[in-house]
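Enquirer: Following this line is target.cif, made up of mmCIF, C-alpha atoms and all ligand atoms:
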data_upload
loop_
_atom_site.group_PDB
_atom_site.id
_atom_site.type_symbol
_atom_site.label_atom_id
_atom_site.label_comp_id
_atom_site.auth_asym_id
_atom_site.auth_seq_id
_atom_site.Cartn_x
_atom_site.Cartn_y
_atom_site.Cartn_z
ATOM 1 C CA MET J 1 12.196 -58.921 64.370
ATOM 2 C CA SER J 2 13.558 -62.122 65.955
ATOM 3 C CA LEU J 3 15.307 -61.911 69.299
ATOM 4 C CA PRO J 4 18.865 -63.323 69.484
ATOM 5 C CA GLN J 5 18.960 -66.192 72.007
ATOM 6 C CA PRO J 6 21.567 -66.591 74.774
ATOM 7 C CA SER J 7 23.953 -69.539 74.444
ATOM 8 C CA THR J 8 23.641 -70.637 78.104
ATOM 9 C CA ASP J 9 20.757 -72.302 79.947
ATOM 10 C CA ALA J 10 20.881 -69.657 82.697
ATOM 11 C CA GLY J 11 20.818 -66.873 80.095
ATOM 12 C CA ARG J 12 17.842 -68.396 78.252
ATOM 13 C CA ALA J 13 15.970 -68.848 81.556
ATOM 14 C CA ALA J 14 16.615 -65.202 82.441
ATOM 15 C CA LEU J 15 15.422 -63.931 79.059
ATOM 16 C CA THR J 16 12.245 -66.020 79.368
ATOM 17 C CA ALA J 17 11.673 -64.619 82.899
ATOM 18 C CA LEU J 18 12.293 -61.057 81.696
ATOM 19 C CA LEU J 19 9.797 -61.454 78.842
ATOM 20 C CA ALA J 20 7.223 -62.950 81.219
ATOM 21 C CA LYS J 21 7.470 -60.099 83.745
ATOM 22 C CA PRO J 22 9.209 -57.080 82.169
ATOM 23 C CA ALA J 23 7.719 -54.680 84.717
ATOM 24 C CA THR J 24 9.916 -56.193 87.447
ATOM 25 C CA ALA J 25 13.128 -56.308 85.370
ATOM 26 C CA LEU J 26 16.284 -54.253 85.756
ATOM 27 C CA VAL J 27 17.978 -53.626 82.401
ATOM 28 C CA ALA J 28 21.355 -51.832 82.468
ATOM 29 C CA PHE J 29 24.060 -51.059 79.924
ATOM 30 C CA ASP J 30 27.515 -49.576 79.745
ATOM 31 C CA PHE J 31 27.934 -46.549 77.423
ATOM 32 C CA ASP J 32 31.231 -46.525 75.456
ATOM 33 C CA GLY J 33 31.564 -49.530 73.150
ATOM 34 C CA THR J 34 28.096 -50.783 74.144
ATOM 35 C CA LEU J 35 25.508 -48.073 73.439
ATOM 36 C CA ALA J 36 28.061 -45.896 71.598
ATOM 37 C CA PRO J 37 30.581 -47.081 68.984
ATOM 38 C CA ILE J 38 34.233 -46.572 69.926
ATOM 39 C CA VAL J 39 35.768 -43.444 68.399
ATOM 40 C CA ASP J 40 39.304 -42.041 68.527
ATOM 41 C CA ASP J 41 38.460 -39.068 70.741
ATOM 42 C CA PRO J 42 36.186 -39.665 73.776
ATOM 43 C CA ARG J 43 34.764 -36.159 73.339
ATOM 44 C CA ASP J 44 33.284 -37.273 70.000
ATOM 45 C CA SER J 45 31.327 -40.268 71.362
ATOM 46 C CA ALA J 46 27.743 -40.559 70.184
ATOM 47 C CA PRO J 47 25.146 -43.313 70.584
ATOM 48 C CA TYR J 48 24.625 -45.845 67.803
ATOM 49 C CA PRO J 49 21.962 -44.393 65.459
ATOM 50 C CA GLY J 50 18.447 -45.058 66.777
ATOM 51 C CA ILE J 51 19.562 -46.847 69.959
ATOM 52 C CA VAL J 52 18.474 -44.064 72.333
ATOM 53 C CA GLU J 53 15.059 -43.913 70.665
ATOM 54 C CA THR J 54 14.762 -47.688 71.107
ATOM 55 C CA LEU J 55 15.745 -47.413 74.785
ATOM 56 C CA ALA J 56 13.132 -44.654 75.151
ATOM 57 C CA ALA J 57 10.495 -47.013 73.759
ATOM 58 C CA LEU J 58 11.673 -49.925 75.910
ATOM 59 C CA SER J 59 12.041 -48.076 79.219
ATOM 60 C CA PRO J 60 8.302 -47.622 79.994
ATOM 61 C CA LEU J 61 7.833 -51.385 79.539
ATOM 62 C CA ILE J 62 10.636 -52.245 82.015
ATOM 63 C CA GLY J 63 10.836 -51.866 85.807
ATOM 64 C CA THR J 64 14.192 -50.075 85.888
ATOM 65 C CA THR J 65 16.402 -48.937 82.996
ATOM 66 C CA ALA J 66 19.948 -47.784 83.738
ATOM 67 C CA VAL J 67 23.295 -46.859 82.226
ATOM 68 C CA ILE J 68 26.379 -47.625 84.336
ATOM 69 C CA THR J 69 29.520 -45.925 83.079
ATOM 70 C CA GLY J 70 33.103 -45.133 83.997
ATOM 71 C CA ARG J 71 32.544 -41.573 82.788
ATOM 72 C CA PRO J 72 30.897 -38.751 84.719
ATOM 73 C CA ALA J 73 27.129 -39.264 84.597
ATOM 74 C CA ALA J 74 26.509 -35.745 83.265
ATOM 75 C CA THR J 75 28.989 -36.271 80.397
ATOM 76 C CA VAL J 76 27.242 -39.422 79.252
ATOM 77 C CA VAL J 77 23.772 -37.884 79.588
ATOM 78 C CA GLU J 78 24.928 -35.013 77.388
ATOM 79 C CA LEU J 79 26.876 -37.055 74.822
ATOM 80 C CA GLY J 80 24.043 -39.569 74.575
ATOM 81 C CA GLY J 81 21.079 -37.239 74.795
ATOM 82 C CA LEU J 82 19.972 -39.703 77.460
ATOM 83 C CA ASP J 83 17.471 -37.278 78.979
ATOM 84 C CA ARG J 84 15.205 -38.506 76.144
ATOM 85 C CA VAL J 85 14.827 -41.885 77.895
ATOM 86 C CA PRO J 86 11.937 -41.818 80.402
ATOM 87 C CA ASP J 87 12.811 -42.780 84.000
ATOM 88 C CA LEU J 88 16.431 -43.580 83.155
ATOM 89 C CA THR J 89 18.998 -43.808 85.951
ATOM 90 C CA VAL J 90 22.626 -43.092 85.014
ATOM 91 C CA LEU J 91 25.322 -44.207 87.444
ATOM 92 C CA GLY J 92 28.579 -42.406 86.645
ATOM 93 C CA HIS J 93 32.146 -43.090 87.788
ATOM 94 C CA TYR J 94 31.387 -46.787 88.365
ATOM 95 C CA GLY J 95 28.534 -45.917 90.733
ATOM 96 C CA ALA J 96 30.032 -42.962 92.641
ATOM 97 C CA GLU J 97 27.568 -40.606 90.913
ATOM 98 C CA ARG J 98 23.850 -40.980 90.340
ATOM 99 C CA TRP J 99 21.756 -39.053 87.800
ATOM 100 C CA SER J 100 17.996 -39.554 87.911
ATOM 101 C CA ASP J 101 14.939 -37.308 87.597
ATOM 102 C CA ARG J 102 17.324 -34.832 85.892
ATOM 103 C CA GLU J 103 19.269 -34.414 89.130
ATOM 104 C CA LEU J 104 22.864 -35.387 89.847
ATOM 105 C CA VAL J 105 24.131 -36.626 93.201
ATOM 106 C CA ALA J 106 27.921 -36.833 93.406
ATOM 107 C CA ALA J 107 30.417 -36.942 96.274
ATOM 108 C CA GLU J 108 33.671 -34.951 96.321
ATOM 109 C CA PRO J 109 36.644 -36.754 94.724
ATOM 110 C CA PRO J 110 39.287 -38.080 97.139
ATOM 111 C CA PRO J 111 42.522 -36.004 97.470
ATOM 112 C CA GLY J 112 44.569 -38.531 95.466
ATOM 113 C CA VAL J 113 42.865 -37.339 92.285
ATOM 114 C CA ALA J 114 44.415 -33.862 92.704
ATOM 115 C CA LEU J 115 47.843 -35.462 93.222
ATOM 116 C CA VAL J 116 47.502 -37.450 89.984
ATOM 117 C CA ARG J 117 46.293 -34.350 88.137
ATOM 118 C CA ALA J 118 49.380 -32.457 89.304
ATOM 119 C CA GLU J 119 51.918 -35.203 88.596
ATOM 120 C CA LEU J 120 50.611 -36.880 85.443
ATOM 121 C CA PRO J 121 51.907 -34.388 82.830
ATOM 122 C CA GLY J 122 55.449 -34.543 84.290
ATOM 123 C CA LEU J 123 55.327 -38.328 84.507
ATOM 124 C CA LEU J 124 54.202 -38.715 80.883
ATOM 125 C CA ALA J 125 56.973 -36.367 79.716
ATOM 126 C CA ARG J 126 59.610 -38.130 81.846
ATOM 127 C CA VAL J 127 58.820 -41.653 80.643
ATOM 128 C CA GLY J 128 58.515 -40.537 77.005
ATOM 129 C CA ALA J 129 54.821 -41.152 76.406
ATOM 130 C CA PRO J 130 54.437 -41.408 72.614
ATOM 131 C CA GLU J 131 52.832 -38.730 70.488
ATOM 132 C CA GLY J 132 49.052 -39.088 70.557
ATOM 133 C CA THR J 133 48.862 -40.034 74.254
ATOM 134 C CA PHE J 134 45.831 -38.211 75.589
ATOM 135 C CA VAL J 135 44.711 -37.489 79.167
ATOM 136 C CA GLU J 136 40.982 -37.319 79.802
ATOM 137 C CA ASP J 137 40.349 -35.469 83.073
ATOM 138 C CA LYS J 138 37.019 -36.723 84.407
ATOM 139 C CA GLU J 139 37.190 -34.709 87.661
ATOM 140 C CA ARG J 140 36.839 -37.777 89.921
ATOM 141 C CA SER J 141 39.458 -39.695 87.923
ATOM 142 C CA LEU J 142 41.951 -39.326 85.057
ATOM 143 C CA ALA J 143 42.197 -41.650 82.074
ATOM 144 C CA VAL J 144 45.324 -42.018 79.924
ATOM 145 C CA HIS J 145 44.368 -42.980 76.348
ATOM 146 C CA THR J 146 46.732 -44.433 73.734
ATOM 147 C CA ARG J 147 44.265 -45.085 70.877
ATOM 148 C CA ARG J 148 45.725 -42.213 68.845
ATOM 149 C CA THR J 149 49.372 -43.277 69.206
ATOM 150 C CA ALA J 150 51.155 -45.241 66.446
ATOM 151 C CA GLU J 151 51.208 -48.452 68.559
ATOM 152 C CA PRO J 152 48.413 -48.224 71.163
ATOM 153 C CA ASP J 153 48.990 -51.591 72.888
ATOM 154 C CA ALA J 154 52.757 -51.119 73.127
ATOM 155 C CA ALA J 155 52.268 -47.582 74.454
ATOM 156 C CA LEU J 156 49.857 -48.844 77.108
ATOM 157 C CA ALA J 157 52.247 -51.605 78.179
ATOM 158 C CA ARG J 158 55.073 -49.107 78.461
ATOM 159 C CA LEU J 159 53.043 -46.629 80.536
ATOM 160 C CA ALA J 160 51.287 -49.191 82.763
ATOM 161 C CA PRO J 161 53.964 -49.708 85.476
ATOM 162 C CA HIS J 162 54.486 -45.953 85.869
ATOM 163 C CA LEU J 163 50.724 -45.315 86.130
ATOM 164 C CA GLU J 164 50.380 -48.156 88.646
ATOM 165 C CA GLU J 165 53.111 -46.626 90.801
ATOM 166 C CA LEU J 166 51.462 -43.191 90.701
ATOM 167 C CA ALA J 167 48.026 -44.664 91.475
ATOM 168 C CA ALA J 168 49.412 -46.556 94.484
ATOM 169 C CA ARG J 169 51.029 -43.382 95.822
ATOM 170 C CA ALA J 170 47.735 -41.496 95.403
ATOM 171 C CA ASP J 171 45.728 -44.324 97.019
ATOM 172 C CA LEU J 172 43.797 -44.778 93.793
ATOM 173 C CA ARG J 173 43.315 -47.906 91.680
ATOM 174 C CA VAL J 174 44.101 -48.490 88.021
ATOM 175 C CA GLU J 175 41.290 -49.560 85.724
ATOM 176 C CA PRO J 176 42.532 -50.975 82.407
ATOM 177 C CA GLY J 177 40.257 -50.734 79.390
ATOM 178 C CA ARG J 178 40.228 -50.514 75.614
ATOM 179 C CA MET J 179 43.468 -48.636 74.875
ATOM 180 C CA VAL J 180 43.096 -46.750 78.137
ATOM 181 C CA ILE J 181 44.282 -46.931 81.725
ATOM 182 C CA GLU J 182 42.257 -45.009 84.226
ATOM 183 C CA LEU J 183 43.426 -43.875 87.679
ATOM 184 C CA ARG J 184 40.320 -43.755 89.801
ATOM 185 C CA PRO J 185 39.051 -43.918 93.404
ATOM 186 C CA GLN J 186 38.812 -47.261 95.165
ATOM 187 C CA GLY J 187 35.666 -48.666 96.710
ATOM 188 C CA VAL J 188 33.236 -48.575 93.782
ATOM 189 C CA ASP J 189 32.724 -50.824 90.782
ATOM 190 C CA LYS J 190 29.974 -51.636 88.332
ATOM 191 C CA GLY J 191 29.156 -54.865 90.209
ATOM 192 C CA ALA J 192 28.355 -53.113 93.474
ATOM 193 C CA ALA J 193 26.458 -50.427 91.542
ATOM 194 C CA LEU J 194 24.328 -53.014 89.714
ATOM 195 C CA THR J 195 23.628 -55.041 92.888
ATOM 196 C CA GLU J 196 22.538 -51.899 94.728
ATOM 197 C CA LEU J 197 20.179 -50.932 91.904
ATOM 198 C CA ALA J 198 18.732 -54.458 91.729
ATOM 199 C CA THR J 199 18.207 -54.618 95.490
ATOM 200 C CA ALA J 200 16.633 -51.160 95.721
ATOM 201 C CA ALA J 201 14.289 -51.987 92.838
ATOM 202 C CA GLY J 202 13.469 -55.489 94.119
ATOM 203 C CA ALA J 203 14.298 -56.646 90.588
ATOM 204 C CA GLY J 204 12.723 -59.918 89.475
ATOM 205 C CA THR J 205 15.255 -60.337 86.655
ATOM 206 C CA VAL J 206 18.476 -58.536 85.719
ATOM 207 C CA LEU J 207 20.063 -57.941 82.315
ATOM 208 C CA TYR J 208 23.475 -56.251 82.050
ATOM 209 C CA GLY J 209 25.298 -55.453 78.814
ATOM 210 C CA GLY J 210 28.885 -54.264 78.414
ATOM 211 C CA ASP J 211 32.007 -54.534 76.261
ATOM 212 C CA ASP J 212 35.083 -53.846 78.386
ATOM 213 C CA LEU J 213 37.030 -55.163 81.367
ATOM 214 C CA GLY J 214 35.382 -52.656 83.719
ATOM 215 C CA ASP J 215 32.057 -54.407 82.972
ATOM 216 C CA LEU J 216 33.211 -57.788 84.313
ATOM 217 C CA PRO J 217 32.359 -56.954 87.965
ATOM 218 C CA ALA J 218 28.774 -56.352 86.773
ATOM 219 C CA PHE J 219 28.804 -59.797 85.125
ATOM 220 C CA ASP J 220 29.989 -61.239 88.464
ATOM 221 C CA ALA J 221 27.123 -59.427 90.197
ATOM 222 C CA VAL J 222 24.616 -60.966 87.760
ATOM 223 C CA ARG J 223 26.005 -64.419 88.540
ATOM 224 C CA GLU J 224 25.767 -63.731 92.300
ATOM 225 C CA LEU J 225 22.174 -62.518 91.967
ATOM 226 C CA ARG J 226 21.456 -65.644 89.931
ATOM 227 C CA ALA J 227 22.941 -67.855 92.668
ATOM 228 C CA ALA J 228 20.653 -66.082 95.143
ATOM 229 C CA GLY J 229 17.597 -66.864 92.986
ATOM 230 C CA THR J 230 17.193 -63.829 90.681
ATOM 231 C CA PRO J 231 17.377 -64.812 87.001
ATOM 232 C CA GLY J 232 20.118 -62.837 85.254
ATOM 233 C CA LEU J 233 21.487 -62.402 81.741
ATOM 234 C CA THR J 234 24.900 -61.050 80.754
ATOM 235 C CA LEU J 235 25.282 -59.581 77.267
ATOM 236 C CA CYS J 236 28.516 -58.658 75.489
ATOM 237 C CA ALA J 237 28.667 -56.022 72.756
ATOM 238 C CA ALA J 238 31.644 -57.757 71.187
ATOM 239 C CA SER J 239 34.721 -56.209 69.568
ATOM 240 C CA ASN J 240 38.049 -57.570 68.391
ATOM 241 C CA GLU J 241 39.818 -55.520 71.086
ATOM 242 C CA VAL J 242 38.661 -57.464 74.182
ATOM 243 C CA THR J 243 37.830 -61.173 74.302
ATOM 244 C CA ALA J 244 37.345 -61.749 78.062
ATOM 245 C CA VAL J 245 33.902 -60.122 78.084
ATOM 246 C CA ALA J 246 32.490 -62.284 75.269
ATOM 247 C CA GLU J 247 33.916 -65.375 76.981
ATOM 248 C CA ALA J 248 32.031 -64.492 80.185
ATOM 249 C CA ALA J 249 28.705 -63.551 78.536
ATOM 250 C CA ASP J 250 25.476 -65.520 78.117
ATOM 251 C CA LEU J 251 24.722 -63.662 74.897
ATOM 252 C CA VAL J 252 27.197 -62.106 72.463
ATOM 253 C CA VAL J 253 26.059 -59.508 69.912
ATOM 254 C CA ASP J 254 28.083 -57.607 67.345
ATOM 255 C CA GLY J 255 28.990 -54.345 69.101
ATOM 256 C CA PRO J 256 26.553 -51.454 69.487
ATOM 257 C CA ALA J 257 24.858 -52.352 66.165
ATOM 258 C CA GLY J 258 24.098 -55.832 67.506
ATOM 259 C CA LEU J 259 22.815 -54.366 70.760
ATOM 260 C CA ALA J 260 20.532 -51.978 68.862
ATOM 261 C CA ALA J 261 19.026 -54.959 67.002
ATOM 262 C CA PHE J 262 18.635 -56.894 70.273
ATOM 263 C CA LEU J 263 16.869 -53.963 71.962
ATOM 264 C CA THR J 264 14.502 -53.583 69.010
ATOM 265 C CA GLY J 265 13.714 -57.307 69.198
ATOM 266 C CA LEU J 266 13.255 -57.149 72.976
ATOM 267 C CA THR J 267 10.847 -54.221 72.706
ATOM 268 C CA SER J 268 8.805 -55.990 69.996
ATOM 269 C CA SER J 269 8.748 -59.256 71.959
ATOM 270 C CA ILE J 270 7.466 -57.510 75.087
ATOM 271 C CA ARG J 271 4.818 -55.605 73.113
ATOM 272 C CA ALA J 272 3.653 -58.658 71.162
ATOM 273 C CA PRO J 273 4.454 -61.789 73.188
ATOM 274 C CA GLY J 274 4.750 -64.918 71.034
ATOM 275 C CA ALA J 275 4.582 -62.977 67.734
HETATM 276 O O1 LIG T 1 32.669 -47.884 81.476
HETATM 277 P P1 LIG T 1 32.810 -47.132 80.221
HETATM 278 O O2 LIG T 1 31.800 -46.050 80.135
HETATM 279 O O3 LIG T 1 32.794 -47.997 78.990
HETATM 280 O O4 LIG T 1 34.236 -46.471 80.360
HETATM 281 C C1 LIG T 1 35.428 -47.057 79.847
HETATM 282 C C2 LIG T 1 36.194 -45.978 79.144
HETATM 283 O O5 LIG T 1 35.317 -45.494 78.117
HETATM 284 C C3 LIG T 1 35.811 -44.388 77.369
HETATM 285 O O6 LIG T 1 36.931 -44.806 76.606
HETATM 286 C C4 LIG T 1 36.607 -45.726 75.585
HETATM 287 O O7 LIG T 1 35.801 -45.049 74.610
HETATM 288 C C5 LIG T 1 36.484 -43.973 73.918
HETATM 289 C C6 LIG T 1 35.461 -43.309 72.995
HETATM 290 O O8 LIG T 1 34.926 -44.234 72.091
HETATM 291 C C7 LIG T 1 37.697 -44.536 73.168
HETATM 292 O O9 LIG T 1 38.378 -43.482 72.498
HETATM 293 C C8 LIG T 1 38.629 -45.231 74.169
HETATM 294 O O10 LIG T 1 39.695 -45.850 73.479
HETATM 295 C C9 LIG T 1 37.861 -46.284 74.956
HETATM 296 O O11 LIG T 1 38.680 -46.855 75.982
HETATM 297 C C10 LIG T 1 36.156 -43.247 78.265
HETATM 298 O O12 LIG T 1 36.688 -42.187 77.494
HETATM 299 C C11 LIG T 1 37.107 -43.648 79.368
HETATM 300 O O13 LIG T 1 37.254 -42.594 80.284
HETATM 301 C C12 LIG T 1 36.561 -44.852 80.117
HETATM 302 O O14 LIG T 1 37.547 -45.289 81.031
#
Could you show the structure in this file as structure tokens?
Expert:
Amino acid sequence: MSLPQPSTDAGRAALTALLAKPATALVAFDFDGTLAPIVDDPRDSAPYPGIVETLAALSPLIGTTAVITGRPAATVVELGGLDRVPDLTVLGHYGAERWSDRELVAAEPPPGVALVRAELPGLLARVGAPEGTFVEDKERSLAVHTRRTAEPDAALARLAPHLEELAARADLRVEPGRMVIELRPQGVDKGAALTELATAAGAGTVLYGGDDLGDLPAFDAVRELRAAGTPGLTLCAASNEVTAVAEAADLVVDGPAGLAAFLTGLTSSIRAPGA
């Protein structure tokens, strides 16, 4: 299978470096919208067919394989069956949690999360959140989803100022995403999480793939690593819901299906260089 090529010089250089020395590479992906197709109810998320098996085949060939998600690490491990991937690290809650060697390390959530949990139902009722608005309580954060309302974008725009006010009062930050606004602790993001992983691993090259606005700090981290001399490649699992991620990426593939094809090609290219 042929390997899709990045559209930028820096991306092509990084892919060449990764293929030359895969054992020193760090390869990391977001979960929802990247490894798993978007579905109406977050509890129903499942990986794209075959993609976890492909990651399981790729991981032993790569220095470090990771998933970095806005969800709790344990949730994503369970939804994805990610314990099938050898030596996988899962960073949950934008890096506040770490799952590796089947063990989870997680700090206590800050007190603002309890305040949001207590006030959110009343706020949503007061401002007339439309039918279908759904709150996902992720323990360290709460996400307000509008995908199942009649007009998801309009609902999000209407709720946004009220959620921003509540987040500010709780000393949390808002994280906008695909038909979702999350109220979550400050001080962590996917960029810092990726940089920490790359530094700890002494990564020779870095590849990060994502689909949503919360993945852009990881793209920034790849560019910073690149400026410091580590080849890096940013990949977008594209959708028609977010354009900013594709615009910032070195390589754009067609959603989780496109990523699955890329990972298959990457695995084959590492196993049979030049074939
Ligand atoms: O960093 P991520 O792991 O991609 O977290 C971003 C949000 O992902 C999830 O929501 C998204 O996927 C849902 C399931 O496909 C979909 O229903 C929703 O519309 C998407 O925004 C997750 O449920 C959220 O908590 C994350 O904020």
Enquirer: What separation in Å, quoted to one decimal, exists between atom CA of Asp211 of chain J and atom C12 of ligand LIG 1 (chain T)?
Expert: 11.4 Å
Enquirer: Using all atoms listed in the file, which residues of the polymer chains come no farther than 8 Å from ligand LIG 1 (chain T)? I'd like the answer as a PyMOL selection string.
Expert: chain J and resi 30-34+36-45+68-71+93-94+136+138+142-143+145-147+175-182+210-212+214-215
Enquirer: Need the shell around Ala106 of chain J: protein/DNA/RNA residues with any atom at most 12 Å away, counting all atoms listed in the file. Skip same-chain ones fewer than 3 positions apart. Format as a ChimeraX atom specification?
Expert: /J:72-74,90-100,103,109,139-140
Enquirer: With the PyMOL selection byres (((chain J and resi 236) around 12) and not hetatm) as the selection, what would be picked from this file? Answer as a VMD selection string, please.
Expert: chain J and resid 6 to 7 29 to 30 33 to 35 207 to 213 215 to 216 218 to 219 233 to 235 237 to 240 242 to 259 262
Enquirer: Take the PyMOL selection byres (((chain J and resi 205) around 6) and not hetatm), apply it to the structure above, and return the hits as a ChimeraX atom specification.
Expert: /J:18,25,203-204,206,230-232
Enquirer: For atom CA of Glu241 of chain J and atom CA of Glu119 of chain J, determine how far apart the two atoms are, in Å to one decimal place.
Expert: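 Atom CA of Glu119 of chain J lies 29.4 Å from atom CA of Glu241 of chain J.
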Enquirer: Go ahead and compute the interatomic distance for atom CA of Val76 of chain J and atom CA of Thr89 of chain J, in Å to one decimal.
Expert: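 Separating atom CA of Val76 of chain J from atom CA of Thr89 of chain J is a distance of 11.5 Å.
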Enquirer: Which residues would end up in the selection if the PyMOL selection byres (((chain J and resi 57-64) around 6) and not hetatm) were applied here, given that I need the answer as a PyMOL selection string?
Expert: chain J and resi 22-26+54-56+65+267
Enquirer: Nearest residue to Pro121 of chain J out of J:Ala155, J:Arg148, J:Leu194, J:Leu163, using all atoms listed in the file?
Expert: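 Answer, going by the shortest atom-to-atom distance: J:Leu163.
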